[in-house]
file upload.txt (compact mmCIF, C-alpha atoms and all ligand atoms)
# COMPACT_ATOMS: atom_id res chain seq x y z
CA MET A 103 131.42 98.36 104.97
CA LYS A 104 128.62 100.95 104.74
CA ILE A 105 125.74 100.15 102.39
CA LYS A 106 123.25 102.72 101.10
CA ILE A 107 119.80 101.24 100.44
CA GLU A 108 118.29 102.25 97.11
CA LYS A 109 114.80 100.73 97.30
CA MET A 110 112.96 97.63 98.47
CA ASP A 111 112.29 94.35 96.68
CA TYR A 112 108.96 92.48 96.65
CA GLU A 113 110.18 90.35 99.57
CA GLY A 114 110.63 93.41 101.77
CA ARG A 115 114.44 93.45 101.60
CA GLY A 116 116.52 96.53 100.94
CA ILE A 117 118.24 96.60 97.53
CA SER A 118 121.70 97.96 96.89
CA HIS A 119 124.60 97.32 94.55
CA ILE A 120 128.05 96.31 95.76
CA ASP A 121 130.66 96.27 92.99
CA ASP A 122 127.76 96.31 90.52
CA LYS A 123 126.32 93.14 92.02
CA VAL A 124 122.69 93.17 93.20
CA THR A 125 122.62 92.95 96.97
CA PHE A 126 119.57 92.29 99.15
CA ILE A 127 119.75 93.55 102.72
CA LYS A 128 117.29 92.08 105.21
CA GLY A 129 115.97 94.51 107.82
CA ALA A 130 116.83 97.70 105.93
CA LEU A 131 114.56 100.44 104.59
CA PRO A 132 115.01 102.62 101.49
CA ASN A 133 117.51 105.49 101.90
CA GLU A 134 119.07 103.99 105.02
CA VAL A 135 122.80 103.59 105.40
CA VAL A 136 123.66 100.38 107.23
CA THR A 137 126.42 97.96 108.04
CA ALA A 138 125.45 94.37 107.34
CA LYS A 139 126.78 90.83 107.52
CA LEU A 140 126.85 88.49 104.54
CA VAL A 141 124.31 85.66 104.74
CA LYS A 142 124.49 84.17 101.25
CA GLU A 143 126.70 84.71 98.23
CA GLU A 144 125.41 83.64 94.84
CA LYS A 145 126.84 84.25 91.37
CA ARG A 146 124.23 86.88 90.42
CA PHE A 147 123.35 88.34 93.82
CA SER A 148 124.21 88.34 97.53
CA ILE A 149 122.08 88.52 100.65
CA TYR A 150 123.05 90.48 103.73
CA GLU A 151 121.44 91.06 107.14
CA VAL A 152 121.52 94.47 108.84
CA GLU A 153 123.98 94.73 111.74
CA LYS A 154 123.74 98.41 112.51
CA ILE A 155 121.71 101.28 111.10
CA ILE A 156 123.98 104.30 110.62
CA GLU A 157 121.53 106.65 108.91
CA GLU A 158 117.95 105.83 109.77
CA SER A 159 114.97 106.24 107.40
CA SER A 160 112.42 108.87 108.42
CA LEU A 161 109.79 106.15 107.93
CA ARG A 162 111.24 103.92 110.66
CA ILE A 163 109.16 103.56 113.84
CA PRO A 164 109.47 101.11 116.76
CA SER A 165 107.91 97.75 115.88
CA PHE A 166 104.75 96.65 117.70
CA CYS A 167 106.26 93.19 118.11
CA PRO A 168 108.97 92.28 120.65
CA TYR A 169 110.07 89.31 118.47
CA TYR A 170 110.21 91.28 115.25
CA LYS A 171 113.95 90.98 114.73
CA GLU A 172 114.34 87.29 115.59
CA CYS A 173 111.12 86.00 114.04
CA GLY A 174 111.41 87.96 110.80
CA GLY A 175 107.71 87.52 109.96
CA CYS A 176 106.53 91.13 110.30
CA ILE A 177 109.27 92.84 108.33
CA TYR A 178 107.06 95.86 107.65
CA SER A 179 106.30 96.45 111.33
CA SER A 180 109.19 98.93 111.39
CA VAL A 181 107.01 101.41 109.46
CA SER A 182 103.39 102.61 109.79
CA TYR A 183 100.67 100.55 108.09
CA GLU A 184 100.18 103.29 105.51
CA ASN A 185 103.88 103.32 104.65
CA SER A 186 104.01 99.52 104.52
CA LEU A 187 101.30 99.62 101.83
CA LYS A 188 103.25 102.23 99.92
CA LEU A 189 106.44 100.16 100.06
CA LYS A 190 104.63 96.97 99.01
CA LYS A 191 103.00 98.78 96.09
CA GLU A 192 106.29 100.31 94.92
CA SER A 193 108.14 97.00 95.14
CA LEU A 194 105.44 95.24 93.09
CA GLU A 195 105.53 97.99 90.47
CA GLU A 196 109.31 97.70 90.36
CA LEU A 197 109.09 93.92 89.86
CA PHE A 198 106.52 94.05 87.05
CA GLN A 199 107.71 97.20 85.30
CA LYS A 200 111.25 95.85 85.16
CA LYS A 201 109.97 93.34 82.64
CA ASP A 202 108.55 96.14 80.50
CA PHE A 203 105.27 94.42 79.82
CA PHE A 204 103.10 95.78 82.58
CA LEU A 205 103.83 99.45 83.01
CA LYS A 206 100.65 100.62 84.70
CA GLU A 207 100.22 101.61 88.33
CA ILE A 208 99.33 98.77 90.71
CA SER A 209 96.70 99.62 93.33
CA ILE A 210 96.79 97.99 96.75
CA THR A 211 93.65 97.37 98.80
CA PRO A 212 94.30 97.64 102.55
CA SER A 213 93.05 95.15 105.11
CA SER A 214 90.31 96.64 107.30
CA SER A 215 92.28 95.42 110.31
CA PRO A 216 96.05 95.47 109.87
CA LEU A 217 96.49 93.53 113.12
CA GLU A 218 94.59 90.50 114.54
CA TYR A 219 93.49 89.57 111.01
CA ARG A 220 94.82 86.00 110.82
CA ASN A 221 92.12 83.37 111.21
CA LYS A 222 94.80 80.67 111.34
CA ILE A 223 98.20 80.40 112.92
CA ARG A 224 100.60 77.46 112.99
CA LEU A 225 103.15 77.28 115.79
CA LYS A 226 106.07 75.03 116.61
CA VAL A 227 106.17 73.54 120.10
CA GLN A 228 109.43 72.71 121.87
CA ASN A 229 109.87 71.64 125.50
CA GLY A 230 106.37 72.85 126.39
CA PHE A 231 106.83 76.30 124.79
CA TYR A 232 105.31 77.53 121.57
CA GLY A 233 106.81 79.82 118.96
CA TYR A 234 107.92 80.25 115.38
CA TYR A 235 111.00 79.18 113.51
CA LYS A 236 113.14 82.12 112.51
CA GLU A 237 112.63 82.73 108.79
CA GLU A 238 114.49 80.23 106.56
CA SER A 239 115.93 78.40 109.58
CA HIS A 240 115.08 75.87 112.29
CA GLU A 241 116.00 78.28 115.06
CA PHE A 242 113.11 78.21 117.56
CA ILE A 243 111.81 81.61 118.71
CA LYS A 244 109.64 81.28 121.79
CA ILE A 245 106.68 83.70 121.81
CA THR A 246 103.73 84.45 124.08
CA THR A 247 101.52 86.26 121.57
CA CYS A 248 101.43 87.02 117.88
CA LYS A 249 99.80 90.35 117.12
CA LEU A 250 98.60 89.09 113.74
CA ALA A 251 96.40 86.39 115.26
CA HIS A 252 92.69 86.79 115.91
CA PRO A 253 92.14 87.82 119.59
CA LYS A 254 90.29 84.56 120.34
CA ILE A 255 93.31 82.60 119.14
CA THR A 256 95.50 84.73 121.43
CA SER A 257 93.18 84.06 124.34
CA PHE A 258 93.30 80.29 123.64
CA LEU A 259 97.10 80.43 123.68
CA GLN A 260 97.03 81.88 127.20
CA ASP A 261 95.72 78.45 128.27
CA PHE A 262 98.21 76.53 126.15
CA SER A 263 99.57 74.77 129.27
CA LEU A 264 96.19 72.98 129.65
CA LEU A 265 97.06 70.98 126.52
CA ASN A 266 100.12 69.49 128.26
CA MET A 267 101.87 69.56 124.92
CA GLN A 268 105.66 69.19 124.92
CA ASN A 269 106.65 69.10 121.28
CA GLY A 270 105.35 69.13 117.72
CA GLU A 271 103.15 71.57 115.92
CA ILE A 272 99.82 73.22 116.67
CA GLU A 273 97.52 74.91 114.20
CA ILE A 274 94.67 77.01 115.55
CA ARG A 275 91.93 78.28 113.25
CA ILE A 276 88.90 80.40 113.95
CA ASN A 277 85.69 80.63 111.94
CA THR A 278 83.28 83.51 111.44
CA ASN A 279 81.28 82.28 114.46
CA ASP A 280 84.35 82.60 116.75
CA GLU A 281 84.73 78.82 117.10
CA LEU A 282 88.19 77.30 117.18
CA LEU A 283 89.49 74.26 115.32
CA VAL A 284 92.72 72.97 116.84
CA ASN A 285 94.98 70.61 114.94
CA ILE A 286 97.92 69.11 116.84
CA THR A 287 100.78 66.97 115.59
CA THR A 288 102.94 65.51 118.33
CA SER A 289 105.00 62.44 119.15
CA LYS A 290 103.63 62.09 122.71
CA THR A 291 100.17 61.12 123.97
CA LEU A 292 98.34 64.17 125.31
CA GLN A 293 96.15 64.47 128.39
CA ILE A 294 94.18 67.61 127.56
CA GLU A 295 92.61 69.27 130.63
CA LYS A 296 88.82 69.59 130.39
CA GLU A 297 89.12 73.21 131.49
CA ILE A 298 90.28 74.23 128.01
CA THR A 299 87.07 73.07 126.32
CA ASN A 300 85.01 74.70 129.09
CA LYS A 301 86.80 78.02 128.77
CA HIS A 302 86.95 78.31 124.96
CA LYS A 303 84.43 77.86 122.17
CA ILE A 304 86.01 74.88 120.47
CA ALA A 305 84.49 73.19 117.40
CA GLY A 306 87.06 70.41 117.37
CA ILE A 307 90.45 69.17 118.50
CA ILE A 308 92.42 66.88 116.23
CA ILE A 309 95.52 65.08 117.43
CA ASN A 310 97.69 63.28 114.90
CA ASN A 311 94.81 63.22 112.40
CA ARG A 312 92.33 61.78 114.93
CA CYS A 313 89.47 63.93 116.17
CA VAL A 314 89.48 63.69 119.99
CA TYR A 315 86.91 66.40 120.70
CA GLY A 316 83.97 67.83 118.72
CA THR A 317 84.18 67.61 114.95
CA PRO A 318 87.17 67.59 112.53
CA TYR A 319 85.61 70.51 110.64
CA PHE A 320 83.74 73.76 111.21
CA PHE A 321 81.68 76.21 109.17
CA MET A 322 82.58 79.61 107.77
CA ARG A 323 79.94 82.15 106.79
CA ILE A 324 81.22 84.69 104.33
CA ASN A 325 79.39 86.83 101.74
CA HIS A 326 76.09 85.09 102.65
CA LEU A 327 77.48 81.65 101.86
CA LEU A 328 78.18 78.85 104.30
CA TYR A 329 81.28 76.68 103.86
CA LYS A 330 82.10 73.46 105.65
CA VAL A 331 85.88 73.41 106.10
CA ASP A 332 87.77 70.30 107.19
CA TYR A 333 90.83 70.77 109.39
CA SER A 334 93.01 69.73 106.45
CA SER A 335 91.28 71.98 103.88
CA PHE A 336 92.62 75.37 102.89
CA PHE A 337 90.62 78.50 103.63
CA GLN A 338 91.59 82.12 102.94
CA THR A 339 93.52 83.58 105.93
CA ASN A 340 92.03 87.08 106.12
CA PHE A 341 88.20 87.16 105.92
CA ASP A 342 88.00 90.84 105.01
CA ILE A 343 90.40 90.61 102.06
CA ALA A 344 88.98 87.26 100.91
CA SER A 345 85.54 88.84 100.74
CA LYS A 346 86.85 91.91 98.88
CA ILE A 347 88.60 89.72 96.28
CA SER A 348 85.61 87.50 95.61
CA ASN A 349 83.30 90.51 95.27
CA ASP A 350 85.72 92.20 92.87
CA ILE A 351 86.30 89.21 90.61
CA GLU A 352 82.57 88.59 90.21
CA ASN A 353 82.51 91.62 87.90
CA PHE A 354 84.51 89.76 85.25
CA PHE A 355 81.80 87.14 84.71
CA ASP A 356 78.42 87.06 82.95
CA GLU A 357 75.32 84.89 83.00
CA GLU A 358 76.31 82.78 80.00
CA ASP A 359 79.81 81.95 81.24
CA ILE A 360 81.03 78.45 81.92
CA VAL A 361 83.91 78.76 84.39
CA TYR A 362 86.77 76.56 85.53
CA ASP A 363 87.92 77.17 89.10
CA PHE A 364 91.39 75.62 89.21
CA TYR A 365 92.83 74.93 92.71
CA CYS A 366 89.32 75.47 94.11
CA GLY A 367 89.77 74.30 97.74
CA VAL A 368 86.36 74.01 99.46
CA GLY A 369 84.74 75.94 96.59
CA TYR A 370 85.25 79.44 97.99
CA PHE A 371 85.27 81.24 94.62
CA SER A 372 83.20 78.57 92.79
CA LEU A 373 80.12 79.03 94.95
CA GLN A 374 80.22 82.79 94.88
CA LEU A 375 80.55 82.80 91.07
CA ALA A 376 77.91 80.09 90.64
CA LYS A 377 75.16 82.50 91.61
CA LYS A 378 76.03 84.66 88.61
CA VAL A 379 77.27 82.35 85.84
CA LYS A 380 75.80 79.38 83.98
CA GLN A 381 78.13 76.71 85.32
CA VAL A 382 81.28 76.28 87.43
CA LEU A 383 83.62 73.31 87.44
CA GLY A 384 86.20 73.16 90.25
CA ILE A 385 89.39 71.11 90.40
CA GLU A 386 91.39 70.50 93.58
CA GLU A 387 93.90 67.85 94.67
CA ASN A 388 92.90 67.59 98.36
CA PRO A 389 90.13 64.93 98.56
CA LYS A 390 88.82 66.35 101.85
CA ALA A 391 88.51 69.83 100.32
CA ILE A 392 86.65 68.40 97.31
CA LEU A 393 84.25 66.56 99.62
CA ASN A 394 83.72 69.89 101.42
CA ALA A 395 83.19 71.68 98.08
CA THR A 396 80.58 69.16 96.91
CA TYR A 397 78.82 69.36 100.28
CA ASN A 398 78.99 73.16 100.24
CA ALA A 399 77.42 73.26 96.78
CA SER A 400 74.31 71.44 98.01
CA LEU A 401 74.30 73.31 101.34
CA ASN A 402 74.09 76.59 99.41
CA GLU A 403 71.89 75.16 96.65
CA ARG A 404 74.39 75.79 93.89
CA THR A 405 73.28 73.03 91.52
CA ASN A 406 75.23 74.47 88.58
CA THR A 407 78.59 73.36 90.04
CA SER A 408 80.66 70.18 89.85
CA PHE A 409 83.96 69.32 91.52
CA HIS A 410 86.77 67.00 90.49
CA VAL A 411 89.50 65.67 92.72
CA GLY A 412 93.06 65.47 91.41
CA LYS A 413 95.94 67.59 90.23
CA VAL A 414 94.79 70.31 87.83
CA GLU A 415 97.59 69.41 85.40
CA GLU A 416 96.29 65.82 85.22
CA ILE A 417 92.51 66.36 85.31
CA ILE A 418 92.54 68.91 82.48
CA GLN A 419 93.97 66.26 80.17
CA LYS A 420 91.05 63.94 80.91
CA ILE A 421 87.99 66.19 80.73
CA PRO A 422 86.46 67.73 77.59
CA LEU A 423 87.14 71.47 77.55
CA SER A 424 83.87 73.29 78.00
CA ALA A 425 84.66 76.53 79.85
CA ASN A 426 85.13 79.94 78.26
CA LYS A 427 86.61 81.60 81.38
CA VAL A 428 88.95 80.45 84.14
CA VAL A 429 89.79 81.38 87.73
CA VAL A 430 93.12 80.11 89.04
CA ASP A 431 94.32 80.39 92.64
CA PRO A 432 97.42 78.19 92.72
CA PRO A 433 99.85 77.56 95.60
CA ARG A 434 103.05 79.64 95.81
CA SER A 435 104.70 77.57 93.07
CA GLY A 436 102.27 79.07 90.54
CA LEU A 437 100.81 77.34 87.49
CA HIS A 438 102.12 73.95 86.41
CA LYS A 439 103.67 74.08 82.93
CA THR A 440 100.88 71.82 81.59
CA VAL A 441 98.32 74.38 82.78
CA ARG A 442 100.22 77.21 81.08
CA LYS A 443 100.33 75.10 77.92
CA LEU A 444 96.56 74.53 78.13
CA PHE A 445 96.02 78.28 78.25
CA LEU A 446 98.33 78.91 75.32
CA GLU A 447 96.81 76.19 73.16
CA ASN A 448 93.20 77.22 73.81
CA ASN A 449 91.21 80.41 73.51
CA PHE A 450 89.83 81.21 76.95
CA GLU A 451 88.19 84.63 76.90
CA THR A 452 89.38 85.56 80.37
CA ILE A 453 91.76 84.18 82.96
CA VAL A 454 91.46 85.61 86.48
CA TYR A 455 94.74 84.78 88.18
CA ILE A 456 94.75 85.05 91.99
CA SER A 457 98.26 84.73 93.33
CA CYS A 458 100.02 84.74 96.70
CA ASN A 459 103.46 84.87 95.07
CA PRO A 460 104.30 87.80 92.75
CA LYS A 461 107.41 86.02 91.48
CA THR A 462 105.56 83.02 90.02
CA LEU A 463 102.70 85.27 88.89
CA LEU A 464 105.23 87.30 86.91
CA ARG A 465 106.79 84.15 85.43
CA ASP A 466 103.38 82.83 84.35
CA CYS A 467 102.19 86.18 82.99
CA GLU A 468 105.35 86.56 80.94
CA GLU A 469 104.59 83.29 79.23
CA LEU A 470 100.86 83.87 78.85
CA GLN A 471 101.12 87.42 77.54
CA THR A 472 101.91 86.25 74.02
CA LYS A 473 98.27 85.19 73.83
CA TYR A 474 96.59 87.05 76.70
CA GLU A 475 96.74 90.75 77.48
CA ILE A 476 97.20 91.81 81.08
CA VAL A 477 94.28 94.16 81.58
CA PHE A 478 95.16 94.96 85.16
CA LEU A 479 97.03 93.80 88.16
CA LYS A 480 95.74 94.65 91.63
CA ALA A 481 97.28 93.90 94.99
CA TYR A 482 95.34 93.10 98.16
CA ASP A 483 96.98 93.27 101.55
CA MET A 484 95.90 89.83 102.73
CA PHE A 485 98.90 89.59 105.10
CA PRO A 486 99.58 93.06 106.61
CA PHE A 487 103.08 93.80 107.95
CA THR A 488 104.53 90.61 106.44
CA LYS A 489 106.37 90.42 103.12
CA HIS A 490 103.41 88.55 101.60
CA VAL A 491 100.80 90.09 99.34
CA GLU A 492 97.91 88.72 97.31
CA CYS A 493 97.52 89.79 93.68
CA VAL A 494 94.66 89.54 91.23
CA CYS A 495 95.56 89.70 87.58
CA LEU A 496 92.99 89.93 84.81
CA LEU A 497 94.13 88.42 81.51
CA ASN A 498 92.00 88.71 78.38
CA LEU A 499 92.44 86.87 75.11
CA ARG A 500 94.19 89.18 72.64
C1 LIG B 1 95.80 79.07 97.54
S1 LIG B 1 94.78 77.69 97.81
C2 LIG B 1 93.29 78.24 97.03
C3 LIG B 1 92.03 77.51 97.41
C4 LIG B 1 90.72 78.16 97.00
N1 LIG B 1 90.77 78.82 95.73
C5 LIG B 1 90.19 79.09 98.07
O1 LIG B 1 90.06 80.28 97.79
O2 LIG B 1 89.93 78.64 99.18
C6 LIG B 1 95.47 76.54 96.69
C7 LIG B 1 94.75 75.20 96.64
O3 LIG B 1 95.36 74.42 95.60
C8 LIG B 1 95.42 73.08 96.00
N2 LIG B 1 96.46 72.48 95.14
C9 LIG B 1 97.81 72.58 95.25
N3 LIG B 1 98.42 72.01 94.19
C10 LIG B 1 97.42 71.54 93.39
C11 LIG B 1 97.41 70.86 92.13
N4 LIG B 1 98.54 70.56 91.49
N5 LIG B 1 96.21 70.54 91.60
C12 LIG B 1 95.06 70.83 92.24
N6 LIG B 1 95.01 71.48 93.42
C13 LIG B 1 96.18 71.83 93.99
C14 LIG B 1 95.68 73.14 97.49
O4 LIG B 1 95.24 71.95 98.12
C15 LIG B 1 94.83 74.36 97.90
O5 LIG B 1 93.55 73.98 98.29
call {"tool": "encode", "arguments": {"input": "upload.txt", "output": "structure tokens"}}
result
Amino acid sequence: MKIKIEKMDYEGRGISHIDDKVTFIKGALPNEVVTAKLVKEEKRFSIYEVEKIIEESSLRIPSFCPYYKECGGCIYSSVSYENSLKLKKESLEELFQKKDFFLKEISITPSSSPLEYRNKIRLKVQNGFYGYYKEESHEFIKITTCKLAHPKITSFLQDFSLLNMQNGEIEIRINTNDELLVNITTSKTLQIEKEITNKHKIAGIIINNRCVYGTPYFFMRINHLLYKVDYSSFFQTNFDIASKISNDIENFFDEEDIVYDFYCGVGYFSLQLAKKVKQVLGIEENPKAILNATYNASLNERTNTSFHVGKVEEIIQKIPLSANKVVVDPPRSGLHKTVRKLFLENNFETIVYISCNPKTLLRDCEELQTKYEIVFLKAYDMFPFTKHVECVCLLNLR
């Protein structure tokens, strides 16, 4: 059966209709005619995967990645960077405008480097080889390089054999000083060759949660602030975009503001905002990240901050409400219903919602818009060539 692709969805899949049923086609671009095989059949929609492209889009170019089809990570690598931004922007507008409550144009800020931007990659290791799992599966795709990774991470991977690692998972991070933090999970004892620490600038190596070389943390310097980041603490993946977002959101705050930073990690946004506002209070569930945040506050002399460990949805029920504005940067699942309820039952002047999942952002905004007006929604290309995109949404009390 031939399928004509109408447009793209926010997950980078082609959209079509077969017998009036919404159909998502992985690997297809708008205006293409393809044949595809059925992957999943649901009551309201079906998912297909391209088999053969019969009429090719004029946007299609050869991918820069040899694993592009199997891995499925860089779905937009079949078009130029410029066109990938255009497609991401259009699919976000389609998603939000469909709901009729946000009808404005959505801008998208490009990443200064569309390749080699990732300061962290996590790889699977099987039988001494490293790679990724094919999207939504446990099918191992062996790779030699990933074009999204920072060049120093790529260079470290060329010496992967010196780790003598047979199975498990390896996460490699790089800081703004080009030091690596390597976190390995494996079922076997490792004899790491000394050569690897001689050849590469390594801050620390952690095996099964035990630091076997250097320190279990390193430091990031970004926007004139220094952050200690434990191997288990989250840090923004693309330095350039992280810096652009924090600079942009600063404009929504004033000297007299008392701000909650929900899901604050090591205090990335808290510390930047603390130099402008009266007080910042961060909440984060990872105890290591909260220790980092508290340390980072004194390291950067931000005495007007305090940090609380625990789930946002639990902590907010225990502390007296003092803030007039809020920053939220939740995981992909979005805001917990208790947090949404808190917003609806209180009068926060402004909520700055930073999201890595447009679907949950949309769900949360739909609920919050009865009380808060969406002033704008901006996209930032934190993860070029992949289906992922970061959004910042400014909500003001009506
Ligand atoms: C997307 S990261 C944002 C971190 C931080 N804002 C930053 O820019 O580095 C989400 C953070 O939320 C934390 N987290 C996840 N669920 C949580 C919850 N229910 N309550 C508090 N923190 C949570 C994670 O540990 C992670 O650090």
call {"tool": "closest_residue", "arguments": {"input": "upload.txt", "among": "A:Lys201, A:His302, A:Lys427, A:Lys106", "to": "Ala138 of chain A", "atoms": "only C-alpha atoms"}}
result
A:Lys106
call {"tool": "closest_residue", "arguments": {"input": "upload.txt", "among": "A:Asn394, A:Thr256, A:Ser214, A:Thr247", "to": "Pro318 of chain A", "atoms": "all atoms listed in the file"}}
result
A:Asn394
call {"tool": "residues_around", "arguments": {"input": "upload.txt", "residues": "Gln293 of chain A", "least_positions_apart": "4", "cutoff": "9 Å", "atoms": "all atoms listed in the file", "output": "NGL selection string"}}
result
:A and (264-267)
call {"tool": "residues_near_ligand", "arguments": {"input": "upload.txt", "ligand": "ligand LIG 1 (chain B)", "cutoff": "7 Å", "atoms": "all atoms listed in the file", "output": "number ranges by chain"}}
result
A: 335-338, 364-371, 385-388, 391, 412-415, 431-433
call {"tool": "write_last_selection", "arguments": {"input": "upload.txt", "atoms": "C-alpha atoms", "output": "PDB file, in the frame of the given file"}}
result
ATOM      1  CA  SER A 335      91.280  71.980 103.880  1.00  0.00           C
ATOM      2  CA  PHE A 336      92.620  75.370 102.890  1.00  0.00           C
ATOM      3  CA  PHE A 337      90.620  78.500 103.630  1.00  0.00           C
ATOM      4  CA  GLN A 338      91.590  82.120 102.940  1.00  0.00           C
ATOM      5  CA  PHE A 364      91.390  75.620  89.210  1.00  0.00           C
ATOM      6  CA  TYR A 365      92.830  74.930  92.710  1.00  0.00           C
ATOM      7  CA  CYS A 366      89.320  75.470  94.110  1.00  0.00           C
ATOM      8  CA  GLY A 367      89.770  74.300  97.740  1.00  0.00           C
ATOM      9  CA  VAL A 368      86.360  74.010  99.460  1.00  0.00           C
ATOM     10  CA  GLY A 369      84.740  75.940  96.590  1.00  0.00           C
ATOM     11  CA  TYR A 370      85.250  79.440  97.990  1.00  0.00           C
ATOM     12  CA  PHE A 371      85.270  81.240  94.620  1.00  0.00           C
ATOM     13  CA  ILE A 385      89.390  71.110  90.400  1.00  0.00           C
ATOM     14  CA  GLU A 386      91.390  70.500  93.580  1.00  0.00           C
ATOM     15  CA  GLU A 387      93.900  67.850  94.670  1.00  0.00           C
ATOM     16  CA  ASN A 388      92.900  67.590  98.360  1.00  0.00           C
ATOM     17  CA  ALA A 391      88.510  69.830 100.320  1.00  0.00           C
ATOM     18  CA  GLY A 412      93.060  65.470  91.410  1.00  0.00           C
ATOM     19  CA  LYS A 413      95.940  67.590  90.230  1.00  0.00           C
ATOM     20  CA  VAL A 414      94.790  70.310  87.830  1.00  0.00           C
ATOM     21  CA  GLU A 415      97.590  69.410  85.400  1.00  0.00           C
ATOM     22  CA  ASP A 431      94.320  80.390  92.640  1.00  0.00           C
ATOM     23  CA  PRO A 432      97.420  78.190  92.720  1.00  0.00           C
ATOM     24  CA  PRO A 433      99.850  77.560  95.600  1.00  0.00           C
TER      25      PRO A 433
END
call {"tool": "closest_residue", "arguments": {"input": "upload.txt", "among": "A:Val331, A:Met484, A:Ile421, A:Leu496", "to": "Leu250 of chain A", "atoms": "only C-alpha atoms"}}
result
A:Met484
call {"tool": "atom_distance", "arguments": {"input": "upload.txt", "atom1": "atom CA of Val411 of chain A", "atom2": "atom CA of Ser334 of chain A"}}
result
14.7 Å
call {"tool": "atom_distance", "arguments": {"input": "upload.txt", "atom1": "atom CA of Ile255 of chain A", "atom2": "atom CA of Ser182 of chain A"}}
result
24.3 Å
call {"tool": "decode", "arguments": {"input": "upload.txt", "residues": "segment 305-323 of chain A", "atoms": "C-alpha atoms", "output": "short mmCIF file (atom, residue, chain, number, x, y, z; two decimals), in the first residue's frame"}}
result
data_model
loop_
_atom_site.label_atom_id
_atom_site.label_comp_id
_atom_site.auth_asym_id
_atom_site.auth_seq_id
_atom_site.Cartn_x
_atom_site.Cartn_y
_atom_site.Cartn_z
CA ALA A 305 38.44 13.71 36.38
CA GLY A 306 37.10 10.41 37.65
CA ILE A 307 36.14 6.83 36.88
CA ILE A 308 33.28 5.24 38.77
CA ILE A 309 32.58 1.53 38.57
CA ASN A 310 29.37 0.19 40.05
CA ASN A 311 28.98 3.33 42.18
CA ARG A 312 32.55 3.14 43.54
CA CYS A 313 35.08 5.74 42.50
CA VAL A 314 38.22 3.86 41.37
CA TYR A 315 40.12 6.82 39.92
CA GLY A 316 40.11 10.57 40.64
CA THR A 317 36.92 12.03 42.06
CA PRO A 318 33.23 11.02 41.66
CA TYR A 319 32.42 14.57 40.53
CA PHE A 320 33.78 17.39 38.39
CA PHE A 321 33.17 21.10 37.90
CA MET A 322 31.32 22.96 35.16
CA ARG A 323 31.89 26.64 34.48
#
